[in-house]
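What follows is a short report on a single structure.
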Amino acid sequence: MTEIIFTPKEEVHKVLEDELTRRVGPHKIQKNEYGKPYVPENPVYFNISHTRGCAAVAFSDAPVGLDIECLRRRTFDESLTDIIPYDEADEVETWRDAIIHYTAREAYVKLMGGSVFAMLKSLAYIGGRMYAEGVDQGVKLDVFDADGFVVTVCRPEPVAEEISFRNHYTP
């Protein structure tokens with residue numbers, strides 16, 4: 001099962017610690033070489049993302065990547081063409097479209113536990129699928145609108161389970 005918990009940014013580490021303690025008992029969080037947190041020798045996977053005062057934490061029985069971005073900006077910003085690959089340009093007509101494309105790539109990188117800067121330019125999110133160097137990566141990307149934020153969750157396929165949400169955040 002995958003659960004997403006929304007929380008104020010300043011409370012995200014407390015929520016993470018409380019939930020990990022509830023799910024796995026005493027634990028020690030470590031980070032891989034790119035800074036992705038994990039609990040060694042434990043079947044609970046988690047990922048954190050935050051933006052503009054809001055944070056989200058994903059917990060899952062399988063590896064999971066998560067990104068959240070604010071939708072406050074209402075018009076398309078031409079500078080986004082620097083972060084949207086050329087082959088995605090036809091799908092990006094609005095600020096929301098750009099945020100979806102960006103969060104999809106970011107959630108994938110976080111799933112893989114790699115370096116955002118090393119991987120981001122080689123990725124393309126086209127037709128709802130993630131490609132690296134032109135090869136479909138076999139992941140499921142779920143995109144949600146939540147109180148003025150776009151939330152993208154990335155999980156390895158096949159995925160049969162639903163995503164549940166808990167909200168501790170009030171804008």
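Residues are named by chain letter and number: chains run A, B, ... in the order of the structure tokens, numbers start at 1 in each chain, and ligands are numbered from 1 in the order shown.
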Stretch 84-120 of chain A residues near stretch 48-55 of chain A within 10 Å, closest pair each, using only C-alpha atoms, as JSON lines:
{"residue": "A:Glu106", "atom": "CA", "partner": "A:Ser49", "partner_atom": "CA", "distance": 9.9}
{"residue": "A:Ala107", "atom": "CA", "partner": "A:Ser49", "partner_atom": "CA", "distance": 9.1}
{"residue": "A:Lys110", "atom": "CA", "partner": "A:Ile48", "partner_atom": "CA", "distance": 9.1}
(request) For A:Arg166, please output as a list in words all residues within 7 Å (counting only C-alpha atoms; exclusion window: fewer than 6 positions along the same chain). (result) Ile4, Ile5 and Phe6 of chain A
Go ahead and write the selection's residues with all heavy atoms as an mmCIF file, in the first residue's frame.
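Generated file (out38.cif):
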data_model
loop_
_atom_site.group_PDB
_atom_site.id
_atom_site.type_symbol
_atom_site.label_atom_id
_atom_site.label_comp_id
_atom_site.auth_asym_id
_atom_site.auth_seq_id
_atom_site.Cartn_x
_atom_site.Cartn_y
_atom_site.Cartn_z
ATOM 1 N N ILE A 4 0.166 8.761 1.135
ATOM 2 C CA ILE A 4 0.761 10.090 1.068
ATOM 3 C C ILE A 4 0.190 10.910 2.220
ATOM 4 O O ILE A 4 -1.024 10.991 2.385
ATOM 5 C CB ILE A 4 0.437 10.810 -0.264
ATOM 6 C CG1 ILE A 4 0.735 9.925 -1.466
ATOM 7 C CG2 ILE A 4 1.168 12.155 -0.336
ATOM 8 C CD1 ILE A 4 2.156 9.505 -1.619
ATOM 9 N N ILE A 5 1.081 11.523 3.000
ATOM 10 C CA ILE A 5 0.657 12.379 4.107
ATOM 11 C C ILE A 5 1.099 13.809 3.798
ATOM 12 O O ILE A 5 2.283 14.051 3.552
ATOM 13 C CB ILE A 5 1.272 11.921 5.442
ATOM 14 C CG1 ILE A 5 0.858 10.480 5.749
ATOM 15 C CG2 ILE A 5 0.851 12.870 6.577
ATOM 16 C CD1 ILE A 5 1.542 9.894 6.965
ATOM 17 N N PHE A 6 0.131 14.727 3.781
ATOM 18 C CA PHE A 6 0.424 16.145 3.597
ATOM 19 C C PHE A 6 0.586 16.783 4.965
ATOM 20 O O PHE A 6 -0.191 16.510 5.880
ATOM 21 C CB PHE A 6 -0.710 16.849 2.841
ATOM 22 C CG PHE A 6 -0.900 16.338 1.453
ATOM 23 C CD1 PHE A 6 -1.932 15.471 1.158
ATOM 24 C CD2 PHE A 6 -0.039 16.718 0.441
ATOM 25 C CE1 PHE A 6 -2.110 14.988 -0.125
ATOM 26 C CE2 PHE A 6 -0.198 16.230 -0.843
ATOM 27 C CZ PHE A 6 -1.234 15.367 -1.126
#
(request) Might you pull out every residue within 12 Å of A:Ala118, with only C-alpha atoms counted and same-chain residues fewer than 4 positions away left off, and present them as a ChimeraX atom specification? (result) /A:34,106,109,113-114,122-123,132
(request) Please give the complete set of residues from stretch 1-168 of chain A that DSSP, run on the backbone, assigns to alpha helix (DSSP H), formatted as an MDAnalysis selection string. (result) chainID A and resid 12:24 95:112 116:119
(message) If we count only C-alpha atoms and set the cut-off at 10 Å, which residues sit around A:Val15, ignoring sequence neighbours fewer than 3 positions away in its own chain? Please answer as a PyMOL selection string.
(response) chain A and resi 5-8+10-12+18-21+56-57+168
(message) I'd like the interatomic distance between atom CA of A:Tyr45 and atom CA of A:Ala62, to a tenth of an Å.
(response)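 Atom-to-atom, atom CA of A:Tyr45 and atom CA of A:Ala62 are spaced 6.1 Å apart.
Residues in contact with A:Gln30 at 8 Å, where only C-alpha atoms are counted and same-chain residues fewer than 5 positions away are skipped, are listed as Pro37, Tyr38, Val39 and Pro40 of chain A.
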Selected residues written out, C-alpha atoms, as a tab-separated table (two decimals), in the first residue's frame:
chain	number	residue	atom	x	y	z
A	37	PRO	CA	16.88	8.58	2.99
A	38	TYR	CA	16.17	4.97	3.91
A	39	VAL	CA	15.93	2.67	6.93
A	40	PRO	CA	18.43	-0.21	6.51
(message) I'd like the neighbourhood of A:Gly65 as a VMD selection string, where a residue qualifies if any of its atoms comes within 7 Å (using only C-alpha atoms), though same-chain residues fewer than 6 positions away should be ignored.
(response) chain A and resid 47 107 to 108 110 to 111 153 to 155
Next, dump the selected residues to file, keeping only N, CA and C atoms, as a PDB file, in the first residue's frame.
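Final output, saved to result.pdb:
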ATOM      1  N   ASN A  47       9.556   8.560   0.942  1.00  0.00           N
ATOM      2  CA  ASN A  47      10.159   9.652   0.201  1.00  0.00           C
ATOM      3  C   ASN A  47       9.502  10.941   0.660  1.00  0.00           C
ATOM      4  N   ALA A 107      10.089  12.999  -9.540  1.00  0.00           N
ATOM      5  CA  ALA A 107       9.635  11.822  -8.781  1.00  0.00           C
ATOM      6  C   ALA A 107      10.364  10.564  -9.259  1.00  0.00           C
ATOM      7  N   TYR A 108      10.596  10.459 -10.559  1.00  0.00           N
ATOM      8  CA  TYR A 108      11.327   9.300 -11.081  1.00  0.00           C
ATOM      9  C   TYR A 108      12.761   9.275 -10.543  1.00  0.00           C
ATOM     10  N   LYS A 110      13.853  10.589  -7.849  1.00  0.00           N
ATOM     11  CA  LYS A 110      13.807  10.273  -6.420  1.00  0.00           C
ATOM     12  C   LYS A 110      13.500   8.789  -6.183  1.00  0.00           C
ATOM     13  N   LEU A 111      12.687   8.187  -7.036  1.00  0.00           N
ATOM     14  CA  LEU A 111      12.456   6.741  -6.960  1.00  0.00           C
ATOM     15  C   LEU A 111      13.768   5.985  -7.148  1.00  0.00           C
ATOM     16  N   VAL A 153       3.523  10.868  -7.912  1.00  0.00           N
ATOM     17  CA  VAL A 153       4.031   9.684  -7.236  1.00  0.00           C
ATOM     18  C   VAL A 153       4.529   8.726  -8.312  1.00  0.00           C
ATOM     19  N   CYS A 154       5.741   8.205  -8.135  1.00  0.00           N
ATOM     20  CA  CYS A 154       6.344   7.289  -9.103  1.00  0.00           C
ATOM     21  C   CYS A 154       6.655   5.962  -8.415  1.00  0.00           C
ATOM     22  N   ARG A 155       6.154   4.858  -9.024  1.00  0.00           N
ATOM     23  CA  ARG A 155       6.372   3.520  -8.470  1.00  0.00           C
ATOM     24  C   ARG A 155       6.698   2.557  -9.604  1.00  0.00           C
TER      25      ARG A 155
END
(message) What does the structure give for the distance between atom CA of A:Val44 and atom CA of A:Phe59, in Å to one decimal?
(response)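 Calculated distance between atom CA of A:Val44 and atom CA of A:Phe59 is 6.8 Å.
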(request) Please give the complete set of residues from stretch 9-167 of chain A that DSSP, run on the backbone, assigns to strand (DSSP E), formatted as a VMD selection string. (result) chain A and resid 30 to 31 37 to 38 45 to 51 54 to 60 65 to 70 123 to 126 129 to 132 135 to 136 139 to 146 149 to 156 163 to 167
(message) Quick one: residues within 12 Å of A:Glu157, only C-alpha atoms, excluding same-chain residues fewer than 6 positions away - as a VMD selection string?
(response) chain A and resid 62 to 64 129 to 130 136 to 142
Write the residues of the preceding selection, restricted to C-alpha atoms, as a short mmCIF file (atom, residue, chain, number, x, y, z; two decimals), in the first residue's frame.
data_model
loop_
_atom_site.label_atom_id
_atom_site.label_comp_id
_atom_site.auth_asym_id
_atom_site.auth_seq_id
_atom_site.Cartn_x
_atom_site.Cartn_y
_atom_site.Cartn_z
CA ALA A 62 7.68 -0.91 -2.61
CA PRO A 63 10.16 1.74 -3.74
CA VAL A 64 8.50 5.12 -4.22
CA ARG A 129 5.27 7.52 -19.63
CA MET A 130 8.85 8.09 -18.43
CA ASP A 136 10.45 3.34 -21.44
CA GLN A 137 11.40 2.96 -17.77
CA GLY A 138 8.46 0.75 -16.73
CA VAL A 139 7.16 2.96 -13.96
CA LYS A 140 3.69 4.19 -13.02
CA LEU A 141 3.35 7.92 -12.54
CA ASP A 142 0.24 9.15 -10.74
#
